[in-house]
Amino acid sequence: MLSLIVFLPLAAAVVLLTLPRLSDAAARWAWVVAASVDLALVLVAWARYNAPAPGQLALEEQTRWIPGVDSRYHLGVDGLSLPLVVMTAVLFLACAVYALRERNRPRLQAVLFLFLQSVSLGLFTSADLILFFVFFDLSIVGMYFVIAGWGHGDAARSALKFFLYTFLGSLALLAGFIGLYVGADPHTFDILQLTAHPPLADHPVTGALVLGAILLGLAVKTPTVPFHTWLPPAHTDAPAIGSAILAGVLLKMGTYGFVRIGMPLLPDAWRAWAWVIVAVGVVSVLYGALVALAQDNLKRMIAYTSVNHMGYIVLAVGVAGVIAPDTAQARSVAVTGAVTQMVSHGLVTGALFLLAGVMQDRAGTYDMRNYGGLAAPAPRMAWLFAVGAFASLGLPALSGFIAEFQVFTGSIAAAPVTAVALLGILITAALFLRALQRIFTGDTIGASRGFTDLHPSETWSVGLLLVLSLVIGLLPRTLLYLIEPAGRAAITLVGR
Amino acid sequence: MGSMAMRPLLLLPEMLLFAAGLAVLLGGSFLPRQRQWVSRVVAGAALVVSIAISAVALAGPASAAFEGAYAVDTGTGVARIVAAFGTLLILLLAGDELTGSPRESDTYALLLFSTTGTIILAGAQDLIVLAAAFLLASIPLYGLVGMARGPRAAEAAMKTYLMGALFGIVLLLGVTILYAVAASSRYADLPAGLGAVAPAAVAAGLLAVLAGLLFEAGGVPAHFWVPDATEGASSTVATFLTTIPKIGALIAAYRLVTVMPDTLAWPLLVAVLATASMTLGNLAAYGQRDPRRLLGWSTVSQVGYLLVPVAVAGRSELALPSLFFYLAAYTVTNIAAFAVAGALPDRRDLAAYAGLSRHAPWLTAALVVSLLGLTGTPPTGVFVGKLTTATAAWDGGMAWLAVVVLLNSVASLFYYLSWIAPAFRVANRHDVGGRSSSLALPWSTWTAVSAAALSLAVGIAGGLLWHVIDGALGVAP
């Protein structure tokens with residue numbers, strides 16, 4: 001089942017690539033169909049999912065891959081990964097719908113995104129470190145070609161920076177994985193076996209170094225301050241759907257690595273590093289928000305709010321390692337909030353980047369100073385952007401609130417000093433309201449004149465993402481019943 | 001007492017290749033120019049049959065020929081199959097360049113001789129056999145490099161010849177020293193013979209022999225000929241001499257260090273050579289604008305990665321299989337990269353690859369797979385090789401060497417991307433790439449595509465291959 005979900009998009013990509021004489025329209029629709037079928041399969045898997053016992057996975061599949069280093073092809077899902085799998089499938093479908101108006105080599109673009117979809121789903125379902133790394137690295141390669149091939153502005157340079165920076169991070173990650181393998185007895189790369197018997201428990205110094213390498217790799221991908229400098233240029237020059245996938249899915253690979261690999265596999269070292277992680281999280285929250293406030297380029301602004309939003313996640317997973325009596329409940333709320341934030345950020349930021357792409361498409365600029373009064377010529381755009389902005393700043397009834405409320409409830413109860421990060425929410429609220437005001441209100445001037453409102457493909461793709469954000473905001477149980485047991489299990493594992 | 005017998009029939013694959021080389025050489029002089037392809041078919045058939053015999057031998061138990069001087073074990077088996085297979089791919093590649101050329105069958109003959117030499121180098125368990133194999137593997141190389149016409153080729157041939165002669169003598173000197181102090185040239189007798197003598201003498205001997213083998217492999221400090229030869233020689237020859245000799249040289253190095261006594265810190269020595277080779281190769285590759293010269297330096301850095309398992313020989317169970325795996329994966333990946341350059345012989349500047357993705361998508365795909373493969377991007381074969389190699393280094397107590405391998409892999413990405421990036425750029429009208437006249441050559445293109453596909457297959461189906469190569473050196477006591 002999982003293998004089918006993971007490799008169906010890749011199979012579709014191969015078919016698209018090899019079919020001769022395929023019209024562009026057919027290629028665009030084939031992509032939509034493939035993404036829809038894959039989403040349907042994911043929903044079937046969700047229906048068949050039963051929460052596994054702590055330290056176990058559901059819907060497992062495994063076979064030997066590289067026997068010499070005991071690396072397996074091992075897939076499975078639990079409450080940490082299934083929400084991300086669903087979110088990934090939804091976001092790729094939204095991108096496929098959005099790209100129905102693509103004119104620049106649509107067939108090749110569809111192939112590349114289907115490849116990226118396989119890679120992303122594979123990463124969230126893999127239960128083997130090497131398999132995880134394979135997908136981690138391939139996501140970088142795929143995104144490099146997306147930015148370099150379909151970007152604008154200084155795309156080649158941004159793509160190269162993105163590739164080199166994140167590739168360096170990925171090799172730090174690999175060094176950490178090798179350390180885990182060598183430290184484990186018996187040697188293995190299997191995540192479940194390593195979770196059951198955490199390696200390097202008797203070697204605190206080596207354990208801390210290995211976790212340091214893993215944290216570095218994940219921090220570059222997430223990204224957190226001070227490893228975030230590749231993110232703004234990559235987002236600014238990437239095509240709209242590339243940005244949506246980069247922010248929505250690829251950044252989650254970093255944060256997902258924290259809860260899947262860092263916390264359960266190296267609990268001792270995680271507790272030792274906990275305050276550093278908390279500090280990096282708080283700094284990312286505040287720095288991301290402040291720099292976002294100073295931007296005139298809408299896409300750069302959204303990119304920096306991603307740094308801020310990822311900061312909440314890092315803060316929460318850091319707090320998970322701050323062991324104090326009677327805080328297990330609070331810390332598990334924080335971890336649940338972190339996973340909810342991953343899903344929420346994927347949906348909401350994906351939607352915002354798609355809307356920013358519309359501005360590039362119509363007027364060729366992201367600069368907010370060139371717009372004004374856009375609500376008059378483009379009311380649908382204004383409504384959707386407003387909903388996205390409110391979801392992103394954490395207004396109740398939308399998914400961002402559910403996530404950030406839990407992150408802060410848990411974090412402040414367990415470590416009161418983290419309340420300083422609340423300032424980030426305030427700044428984010430200010431900057432989104434200001435952006436709304438600058439772009440959409442007032443007299444219709446500059447690039448806003450003659451701006452064509454959203455086409456159906458754009459409305460549907462963005463609408464799909466925002467409706468789901470609203471569903472999570474109004475009916476959080478639909479998601480939280482999945483995440484909560486996994487959050488509690490994660491806290492048990494890190495407390496060993 | 002099986003190992004004391006001569007048993008020459010165990011060397012059937014080697015004899016077959018050598019005999020085929022002779023047949024091609026002699027027969028070629030009786031064939032008219034346009035019928036020289038017959039000699040290519042003969043050479044190809046000999047390689048296929050030799051692979052088949054070697055595969056059967058590899059499945060059987062390990063043994064030794066010539067009273068233990070020549071091992072027929074997993075190491076020799078892997079060398080036989082990988083080297084013959086690599087040469088087979090190179091014969092395919094040669095279809096564009098050599099068909100109907102004046103020296104067609106001579107080239108095939110020299111390729112077969114050198115392949116035989118590299119295999120014997122891998123199997124040698126005696127210093128004298130090692131020296132003979134070195135000569136058999138390297139002397140044809142001088143001729144091969146000199147086959148091309150032009151000032152660059154002449155310089156390359158001269159440099160290769162002088163370096164080869166120098167390091168050949170150094171190797172012989174090392175053999176002499178080790179033979180003199182151990183009182184035996186047999187590997188089986190070396191640990192006992194060398195254990196009691198002064199470590200300085202052993203170190204001098206080992207270093208000299210390793211230097212000779214590093215000429216063959218094209219690694220630091222004997223690498224100076226590599227970039228010139230890859231730039232100046234024909235593309236068939238450039239592919240061959242950066243791929244096939246490495247197989248024999250590195251397995252020979254592995255065999256040699258395992259019989260060195262503990263009195264000598266040879267792991268550190270090899271680790272330093274490995275670090276120097278990968279770092280220097282990578283740094284020198286940065287500024288290169290000629291794709292073949294860039295690849296030449298890249299192969300120098302690859303020797304560094306390949307030396308890592310040698311540095312932890314005997315101290316990690318992963319060392320030997322990762323060497324074999326890396327060699328196999330490297331062979332197909334490197335051939336793919338050179339085949340791409342060979343398919344477009346007029347484009348001698350990276351900028352000339354602009355627009356390649358538009359009019360040669362398959363070739364571009366092969367370029368991306370092979371170059372990212374050489375970097376160590378999954379799921380190619382070299383990724384698995386690099387992963388197990390770095391793991392072996394850490395497992396063998398050299399965690400720093402694993403980190404060096406990974407850092408160098410990041411560094412190498414810079415120059416590989418400087419070749420990939422133009423291929424996806426839109427070509428200007430005055431770019432070479434925009435002209436329809438410079439079509440990719442067919443044989444090279446198909447070799448590149450199939451070798452790139454193989455390098456992916458080696459990575460994805462790594463488990464199957466692993467079972468084949470997961471053996472030991474020498475005969476089990």
# chains A, B, ... in the order shown; residues from 1 in each chain; ligands from 1
>>> closest_atom_pairs(of="chain A", to="chain B", cutoff="6 Å", atoms="only C-alpha atoms", output="Markdown table")
| residue | atom | partner | partner_atom | distance |
| --- | --- | --- | --- | --- |
| A:Trp65 | CA | B:Gly463 | CA | 5.0 |
| A:Ile66 | CA | B:Gly463 | CA | 4.3 |
| A:Pro67 | CA | B:Gly463 | CA | 5.8 |
| A:Val134 | CA | B:Pro378 | CA | 5.3 |
| A:Leu168 | CA | B:Val410 | CA | 5.8 |
| A:Ile178 | CA | B:Thr391 | CA | 5.7 |
| A:Val182 | CA | B:Asp395 | CA | 5.8 |
>>> residues_around(residues="range 129-143 of chain B", least_positions_apart="5", cutoff="6 Å", atoms="only C-alpha atoms", output="PyMOL selection string")
chain B and resi 110+114+117-118+120-121+124+157+161
>>> select_by_dssp(residues="range 141-196 of chain A", states="alpha helix (DSSP H)", output="compact mmCIF listing (two decimals) with all heavy atoms, in the first residue's frame")
# COMPACT_ATOMS: atom_id res chain seq x y z
N VAL A 141 18.00 17.58 -5.20
CA VAL A 141 18.28 17.54 -6.64
C VAL A 141 17.06 17.98 -7.42
O VAL A 141 17.14 18.82 -8.33
CB VAL A 141 18.71 16.11 -7.04
CG1 VAL A 141 18.92 16.03 -8.54
CG2 VAL A 141 19.96 15.69 -6.31
N GLY A 142 15.88 17.44 -7.05
CA GLY A 142 14.66 17.79 -7.77
C GLY A 142 14.37 19.27 -7.68
O GLY A 142 14.08 19.93 -8.69
N MET A 143 14.49 19.83 -6.47
CA MET A 143 14.15 21.25 -6.29
C MET A 143 15.16 22.14 -7.01
O MET A 143 14.80 23.21 -7.51
CB MET A 143 14.09 21.57 -4.79
CG MET A 143 13.54 22.94 -4.45
SD MET A 143 12.03 23.43 -5.30
CE MET A 143 10.79 22.42 -4.51
N TYR A 144 16.42 21.69 -7.08
CA TYR A 144 17.43 22.46 -7.83
C TYR A 144 16.96 22.66 -9.27
O TYR A 144 17.00 23.77 -9.81
CB TYR A 144 18.77 21.73 -7.79
CG TYR A 144 19.80 22.28 -8.76
CD1 TYR A 144 20.50 23.44 -8.46
CD2 TYR A 144 20.06 21.66 -9.96
CE1 TYR A 144 21.44 23.96 -9.34
CE2 TYR A 144 20.98 22.15 -10.85
CZ TYR A 144 21.67 23.30 -10.54
OH TYR A 144 22.59 23.81 -11.41
N PHE A 145 16.51 21.58 -9.89
CA PHE A 145 16.10 21.70 -11.29
C PHE A 145 14.82 22.51 -11.42
O PHE A 145 14.62 23.22 -12.42
CB PHE A 145 15.95 20.31 -11.92
CG PHE A 145 17.28 19.67 -12.21
CD1 PHE A 145 17.69 18.54 -11.54
CD2 PHE A 145 18.13 20.24 -13.13
CE1 PHE A 145 18.92 17.97 -11.79
CE2 PHE A 145 19.37 19.68 -13.39
CZ PHE A 145 19.77 18.53 -12.72
N VAL A 146 13.94 22.43 -10.41
CA VAL A 146 12.71 23.25 -10.46
C VAL A 146 13.08 24.73 -10.46
O VAL A 146 12.60 25.51 -11.29
CB VAL A 146 11.79 22.92 -9.27
CG1 VAL A 146 10.70 23.97 -9.15
CG2 VAL A 146 11.17 21.55 -9.45
N ILE A 147 13.97 25.12 -9.54
CA ILE A 147 14.32 26.54 -9.43
C ILE A 147 15.12 26.98 -10.65
O ILE A 147 14.84 28.01 -11.27
CB ILE A 147 15.11 26.81 -8.14
CG1 ILE A 147 14.26 26.44 -6.93
CG2 ILE A 147 15.50 28.29 -8.05
CD1 ILE A 147 14.98 26.59 -5.62
N ALA A 148 16.13 26.16 -11.03
CA ALA A 148 16.98 26.56 -12.15
C ALA A 148 16.21 26.57 -13.46
O ALA A 148 16.46 27.40 -14.32
CB ALA A 148 18.19 25.63 -12.23
N GLY A 149 15.27 25.64 -13.62
CA GLY A 149 14.59 25.50 -14.91
C GLY A 149 13.38 26.38 -15.08
O GLY A 149 13.08 26.81 -16.18
N TRP A 150 12.65 26.67 -13.98
CA TRP A 150 11.39 27.41 -14.13
C TRP A 150 11.39 28.70 -13.32
O TRP A 150 10.37 29.37 -13.23
CB TRP A 150 10.21 26.52 -13.72
CG TRP A 150 9.84 25.57 -14.79
CD1 TRP A 150 8.88 25.74 -15.75
CD2 TRP A 150 10.42 24.29 -15.05
NE1 TRP A 150 8.84 24.64 -16.58
CE2 TRP A 150 9.78 23.74 -16.18
CE3 TRP A 150 11.45 23.54 -14.46
CZ2 TRP A 150 10.11 22.50 -16.70
CZ3 TRP A 150 11.77 22.31 -14.98
CH2 TRP A 150 11.12 21.80 -16.09
N ALA A 155 17.73 33.07 -11.12
CA ALA A 155 17.36 31.72 -10.69
C ALA A 155 18.57 30.78 -10.62
O ALA A 155 18.68 29.98 -9.68
CB ALA A 155 16.31 31.15 -11.62
N ALA A 156 19.48 30.88 -11.60
CA ALA A 156 20.60 29.93 -11.63
C ALA A 156 21.44 30.06 -10.35
O ALA A 156 21.83 29.06 -9.74
CB ALA A 156 21.46 30.18 -12.86
N ARG A 157 21.67 31.30 -9.96
CA ARG A 157 22.49 31.54 -8.80
C ARG A 157 21.79 31.08 -7.51
O ARG A 157 22.38 30.42 -6.66
CB ARG A 157 22.81 33.04 -8.72
CG ARG A 157 23.90 33.38 -7.78
CD ARG A 157 24.11 34.90 -7.77
NE ARG A 157 24.70 35.28 -6.51
CZ ARG A 157 25.97 35.15 -6.22
NH1 ARG A 157 26.80 34.65 -7.12
NH2 ARG A 157 26.45 35.50 -5.06
N SER A 158 20.51 31.41 -7.40
CA SER A 158 19.76 31.01 -6.21
C SER A 158 19.70 29.49 -6.11
O SER A 158 19.82 28.92 -5.02
CB SER A 158 18.34 31.55 -6.28
OG SER A 158 18.35 32.93 -6.34
N ALA A 159 19.49 28.84 -7.27
CA ALA A 159 19.39 27.39 -7.27
C ALA A 159 20.71 26.77 -6.81
O ALA A 159 20.74 25.81 -6.03
CB ALA A 159 19.01 26.88 -8.66
N LEU A 160 21.82 27.35 -7.31
CA LEU A 160 23.12 26.81 -6.94
C LEU A 160 23.36 26.98 -5.44
O LEU A 160 23.83 26.05 -4.76
CB LEU A 160 24.21 27.53 -7.73
CG LEU A 160 25.61 26.97 -7.57
CD1 LEU A 160 25.68 25.56 -8.14
CD2 LEU A 160 26.64 27.84 -8.24
N LYS A 161 23.01 28.14 -4.93
CA LYS A 161 23.19 28.39 -3.49
C LYS A 161 22.37 27.40 -2.68
O LYS A 161 22.84 26.82 -1.70
CB LYS A 161 22.77 29.83 -3.18
CG LYS A 161 23.05 30.24 -1.75
CD LYS A 161 22.78 31.73 -1.55
CE LYS A 161 23.13 32.16 -0.14
NZ LYS A 161 22.83 33.55 0.13
N PHE A 162 21.12 27.22 -3.12
CA PHE A 162 20.25 26.26 -2.45
C PHE A 162 20.87 24.87 -2.45
O PHE A 162 20.94 24.19 -1.43
CB PHE A 162 18.89 26.26 -3.16
CG PHE A 162 18.06 25.05 -2.88
CD1 PHE A 162 17.38 24.93 -1.67
CD2 PHE A 162 17.95 24.02 -3.80
CE1 PHE A 162 16.63 23.81 -1.39
CE2 PHE A 162 17.20 22.90 -3.52
CZ PHE A 162 16.53 22.79 -2.32
N PHE A 163 21.34 24.44 -3.62
CA PHE A 163 21.89 23.09 -3.76
C PHE A 163 23.11 22.90 -2.85
O PHE A 163 23.17 21.96 -2.05
CB PHE A 163 22.28 22.86 -5.23
CG PHE A 163 22.42 21.40 -5.60
CD1 PHE A 163 22.17 20.98 -6.90
CD2 PHE A 163 22.78 20.44 -4.67
CE1 PHE A 163 22.27 19.65 -7.26
CE2 PHE A 163 22.89 19.10 -5.02
CZ PHE A 163 22.65 18.72 -6.32
N LEU A 164 24.06 23.82 -2.97
CA LEU A 164 25.30 23.65 -2.21
C LEU A 164 25.04 23.68 -0.71
O LEU A 164 25.54 22.85 0.05
CB LEU A 164 26.30 24.74 -2.60
CG LEU A 164 26.83 24.62 -4.02
CD1 LEU A 164 27.70 25.81 -4.36
CD2 LEU A 164 27.61 23.33 -4.19
N TYR A 165 24.22 24.63 -0.30
CA TYR A 165 23.98 24.81 1.13
C TYR A 165 23.29 23.58 1.71
O TYR A 165 23.72 22.98 2.70
CB TYR A 165 23.10 26.05 1.33
CG TYR A 165 23.40 26.85 2.56
CD1 TYR A 165 23.56 28.23 2.49
CD2 TYR A 165 23.52 26.24 3.79
CE1 TYR A 165 23.83 28.97 3.62
CE2 TYR A 165 23.78 26.98 4.93
CZ TYR A 165 23.94 28.34 4.83
OH TYR A 165 24.20 29.07 5.95
N THR A 166 22.20 23.16 1.06
CA THR A 166 21.45 22.04 1.63
C THR A 166 22.19 20.72 1.42
O THR A 166 22.02 19.79 2.20
CB THR A 166 20.05 21.96 1.03
OG1 THR A 166 20.14 22.06 -0.37
CG2 THR A 166 19.19 23.09 1.54
N PHE A 167 23.02 20.64 0.37
CA PHE A 167 23.80 19.41 0.18
C PHE A 167 24.83 19.28 1.30
O PHE A 167 25.06 18.18 1.82
CB PHE A 167 24.49 19.46 -1.18
CG PHE A 167 25.06 18.14 -1.63
CD1 PHE A 167 24.22 17.13 -2.07
CD2 PHE A 167 26.42 17.92 -1.62
CE1 PHE A 167 24.73 15.92 -2.48
CE2 PHE A 167 26.94 16.70 -2.03
CZ PHE A 167 26.10 15.70 -2.47
N LEU A 168 25.44 20.39 1.67
CA LEU A 168 26.37 20.36 2.80
C LEU A 168 25.63 19.86 4.04
O LEU A 168 26.12 19.00 4.78
CB LEU A 168 26.93 21.76 3.04
CG LEU A 168 27.86 21.91 4.24
CD1 LEU A 168 29.15 21.17 3.99
CD2 LEU A 168 28.17 23.37 4.53
N GLY A 169 24.42 20.40 4.25
CA GLY A 169 23.62 19.95 5.39
C GLY A 169 23.33 18.46 5.32
O GLY A 169 23.43 17.74 6.32
N SER A 170 23.01 17.99 4.12
CA SER A 170 22.64 16.58 4.00
C SER A 170 23.83 15.68 4.32
O SER A 170 23.67 14.60 4.89
CB SER A 170 22.08 16.28 2.61
OG SER A 170 23.11 16.09 1.69
N LEU A 171 25.04 16.13 3.97
CA LEU A 171 26.18 15.27 4.27
C LEU A 171 26.53 15.30 5.76
O LEU A 171 27.00 14.30 6.31
CB LEU A 171 27.38 15.64 3.41
CG LEU A 171 27.17 15.21 1.96
CD1 LEU A 171 28.38 15.49 1.13
CD2 LEU A 171 26.83 13.74 1.85
N ALA A 172 26.25 16.43 6.43
CA ALA A 172 26.39 16.45 7.89
C ALA A 172 25.44 15.42 8.48
O ALA A 172 25.78 14.66 9.40
CB ALA A 172 26.10 17.84 8.44
N LEU A 173 24.23 15.39 7.91
CA LEU A 173 23.24 14.41 8.35
C LEU A 173 23.76 12.99 8.15
O LEU A 173 23.65 12.13 9.03
CB LEU A 173 21.96 14.64 7.54
CG LEU A 173 20.70 13.95 7.98
CD1 LEU A 173 20.26 14.50 9.32
CD2 LEU A 173 19.59 14.16 6.96
N LEU A 174 24.36 12.76 6.97
CA LEU A 174 24.87 11.42 6.68
C LEU A 174 25.97 11.03 7.66
O LEU A 174 26.03 9.89 8.13
CB LEU A 174 25.39 11.35 5.24
CG LEU A 174 25.85 9.97 4.77
CD1 LEU A 174 24.71 8.99 4.81
CD2 LEU A 174 26.43 10.03 3.37
N ALA A 175 26.84 12.00 7.98
CA ALA A 175 27.89 11.71 8.96
C ALA A 175 27.26 11.28 10.28
O ALA A 175 27.71 10.32 10.92
CB ALA A 175 28.77 12.95 9.16
N GLY A 176 26.19 11.99 10.69
CA GLY A 176 25.51 11.62 11.92
C GLY A 176 24.92 10.22 11.84
O GLY A 176 25.01 9.43 12.78
N PHE A 177 24.33 9.89 10.68
CA PHE A 177 23.73 8.56 10.52
C PHE A 177 24.79 7.48 10.62
O PHE A 177 24.57 6.42 11.22
CB PHE A 177 23.02 8.46 9.16
CG PHE A 177 21.74 9.26 9.08
CD1 PHE A 177 21.04 9.37 7.89
CD2 PHE A 177 21.23 9.89 10.21
CE1 PHE A 177 19.87 10.09 7.81
CE2 PHE A 177 20.05 10.62 10.15
CZ PHE A 177 19.38 10.72 8.94
N ILE A 178 25.95 7.73 10.02
CA ILE A 178 27.02 6.73 10.09
C ILE A 178 27.46 6.56 11.54
O ILE A 178 27.70 5.45 12.01
CB ILE A 178 28.20 7.15 9.18
CG1 ILE A 178 27.77 7.09 7.72
CG2 ILE A 178 29.39 6.23 9.40
CD1 ILE A 178 28.80 7.60 6.75
N GLY A 179 27.52 7.70 12.27
CA GLY A 179 27.85 7.62 13.69
C GLY A 179 26.84 6.76 14.45
O GLY A 179 27.21 5.95 15.30
N LEU A 180 25.55 6.91 14.13
CA LEU A 180 24.52 6.10 14.78
C LEU A 180 24.72 4.63 14.47
O LEU A 180 24.61 3.76 15.34
CB LEU A 180 23.13 6.52 14.29
CG LEU A 180 22.55 7.82 14.84
CD1 LEU A 180 21.24 8.12 14.16
CD2 LEU A 180 22.34 7.68 16.34
N TYR A 181 25.03 4.35 13.20
CA TYR A 181 25.23 2.96 12.77
C TYR A 181 26.40 2.33 13.51
O TYR A 181 26.29 1.23 14.05
CB TYR A 181 25.49 2.93 11.26
CG TYR A 181 25.96 1.60 10.73
CD1 TYR A 181 25.03 0.63 10.37
CD2 TYR A 181 27.32 1.32 10.57
CE1 TYR A 181 25.46 -0.59 9.88
CE2 TYR A 181 27.74 0.10 10.08
CZ TYR A 181 26.80 -0.85 9.73
OH TYR A 181 27.23 -2.06 9.25
N VAL A 182 27.50 3.06 13.55
CA VAL A 182 28.69 2.50 14.20
C VAL A 182 28.46 2.35 15.70
O VAL A 182 28.93 1.40 16.32
CB VAL A 182 29.92 3.38 13.90
CG1 VAL A 182 31.13 2.89 14.67
CG2 VAL A 182 30.22 3.39 12.41
N GLY A 183 27.68 3.30 16.28
CA GLY A 183 27.44 3.25 17.72
C GLY A 183 26.43 2.20 18.13
O GLY A 183 26.34 1.86 19.30
N ILE A 191 15.41 2.44 11.70
CA ILE A 191 15.01 3.43 12.70
C ILE A 191 14.28 2.76 13.87
O ILE A 191 14.50 3.13 15.02
CB ILE A 191 14.12 4.52 12.04
CG1 ILE A 191 14.96 5.32 11.04
CG2 ILE A 191 13.55 5.46 13.10
CD1 ILE A 191 14.21 6.42 10.34
N LEU A 192 13.45 1.77 13.59
CA LEU A 192 12.71 1.14 14.68
C LEU A 192 13.65 0.41 15.64
O LEU A 192 13.50 0.49 16.86
CB LEU A 192 11.67 0.16 14.13
CG LEU A 192 10.50 0.80 13.40
CD1 LEU A 192 9.42 -0.22 13.12
CD2 LEU A 192 9.93 1.95 14.20
N GLN A 193 14.61 -0.32 15.07
CA GLN A 193 15.57 -1.02 15.94
C GLN A 193 16.39 -0.03 16.75
O GLN A 193 16.68 -0.26 17.92
CB GLN A 193 16.50 -1.90 15.11
CG GLN A 193 15.81 -3.12 14.55
CD GLN A 193 16.77 -3.99 13.79
OE1 GLN A 193 17.94 -4.08 14.14
NE2 GLN A 193 16.30 -4.62 12.73
N LEU A 194 16.78 1.07 16.10
CA LEU A 194 17.57 2.07 16.82
C LEU A 194 16.72 2.75 17.89
O LEU A 194 17.23 3.13 18.95
CB LEU A 194 18.11 3.12 15.83
CG LEU A 194 19.20 2.63 14.89
CD1 LEU A 194 19.44 3.63 13.78
CD2 LEU A 194 20.50 2.40 15.65
N THR A 195 15.41 2.92 17.63
CA THR A 195 14.54 3.51 18.64
C THR A 195 14.42 2.57 19.84
O THR A 195 14.42 3.01 21.00
CB THR A 195 13.15 3.76 18.03
OG1 THR A 195 13.31 4.50 16.83
CG2 THR A 195 12.26 4.52 18.98
N ALA A 196 14.30 1.27 19.55
CA ALA A 196 14.17 0.30 20.63
C ALA A 196 15.43 0.25 21.49
O ALA A 196 15.35 0.10 22.71
CB ALA A 196 13.84 -1.07 20.06
>>> closest_residue(among="A:Gly79, A:Pro396, A:Pro20, A:Gly212", to="Val276 in chain A", atoms="only C-alpha atoms")
A:Gly212
>>> residues_around(residues="range 210-212 of chain B", least_positions_apart="6", cutoff="6 Å", atoms="only C-alpha atoms", output="PyMOL selection string")
chain B and resi 167-168+171
>>> atom_distance(atom1="CA of Ala320 in chain A", atom2="CA of His197 in chain A")
19.8 Å
>>> residues_around(residues="Ser139 in chain A", least_positions_apart="6", cutoff="12 Å", atoms="only C-alpha atoms", output="NGL selection string")
(:A and (112-124 or 132-133 or 145-146 or 162-163 or 166-167 or 170 or 221 or 242 or 245-246 or 249-254)) or (:B and (377-379))
>>> residues_around(residues="range 100-110 of chain A", least_positions_apart="6", cutoff="7 Å", atoms="only C-alpha atoms", output="list in words")
Asp24, Ala27, Arg28, Trp31 and Ser457 of chain A
>>> write_last_selection(atoms="N, CA, C and O atoms", output="mmCIF file, in the first residue's frame")
data_model
loop_
_atom_site.group_PDB
_atom_site.id
_atom_site.type_symbol
_atom_site.label_atom_id
_atom_site.label_comp_id
_atom_site.auth_asym_id
_atom_site.auth_seq_id
_atom_site.Cartn_x
_atom_site.Cartn_y
_atom_site.Cartn_z
ATOM 1 N N ASP A 24 0.656 19.302 -24.642
ATOM 2 C CA ASP A 24 0.891 19.949 -23.359
ATOM 3 C C ASP A 24 -0.340 19.847 -22.464
ATOM 4 O O ASP A 24 -0.244 19.606 -21.267
ATOM 5 N N ALA A 27 -0.574 16.525 -20.904
ATOM 6 C CA ALA A 27 0.424 16.340 -19.846
ATOM 7 C C ALA A 27 -0.037 17.017 -18.563
ATOM 8 O O ALA A 27 0.056 16.451 -17.470
ATOM 9 N N ARG A 28 -0.603 18.231 -18.691
ATOM 10 C CA ARG A 28 -1.063 18.946 -17.499
ATOM 11 C C ARG A 28 -2.177 18.174 -16.807
ATOM 12 O O ARG A 28 -2.193 18.030 -15.577
ATOM 13 N N TRP A 31 -1.063 14.996 -15.047
ATOM 14 C CA TRP A 31 -0.465 15.273 -13.737
ATOM 15 C C TRP A 31 -1.560 15.403 -12.672
ATOM 16 O O TRP A 31 -1.477 14.830 -11.585
ATOM 17 N N SER A 457 -8.561 27.713 -12.030
ATOM 18 C CA SER A 457 -7.552 26.765 -11.547
ATOM 19 C C SER A 457 -6.828 27.336 -10.323
ATOM 20 O O SER A 457 -6.500 26.599 -9.387
#
>>> residues_around(residues="Thr222 in chain A", least_positions_apart="3", cutoff="12 Å", atoms="only C-alpha atoms", output="ChimeraX atom specification")
/A:136,165-166,169-170,215-219,225-231,246-258,280-281,284,303,306-314,342
>>> residues_around(residues="range 281-297 of chain B", least_positions_apart="3", cutoff="10 Å", atoms="only C-alpha atoms", output="MDAnalysis selection string")
chainID B and resid 218:220 223:233 235 238:239 241:242 275:278 300:304 334 337:338 340:342 345 347:353 371 408:416 418:419
>>> decode(residues="range 87-100 of chain B", atoms="C-alpha atoms", output="JSON list (two decimals), in the first residue's frame")
[["chain", "number", "residue", "atom", "x", "y", "z"],
["B", 87, "THR", "CA", 36.65, -2.67, -21.29],
["B", 88, "LEU", "CA", 33.62, -4.06, -23.07],
["B", 89, "LEU", "CA", 31.76, -0.79, -22.52],
["B", 90, "ILE", "CA", 34.83, 1.09, -23.75],
["B", 91, "LEU", "CA", 34.87, -1.02, -26.93],
["B", 92, "LEU", "CA", 31.28, 0.11, -27.53],
["B", 93, "LEU", "CA", 32.32, 3.69, -26.98],
["B", 94, "ALA", "CA", 35.20, 3.23, -29.43],
["B", 95, "GLY", "CA", 32.75, 2.68, -32.27],
["B", 96, "ASP", "CA", 32.56, 6.38, -33.10],
["B", 97, "GLU", "CA", 36.18, 7.27, -32.92],
["B", 98, "LEU", "CA", 38.07, 4.20, -34.06],
["B", 99, "THR", "CA", 35.93, 2.66, -36.78],
["B", 100, "GLY", "CA", 38.02, 2.83, -39.93]]
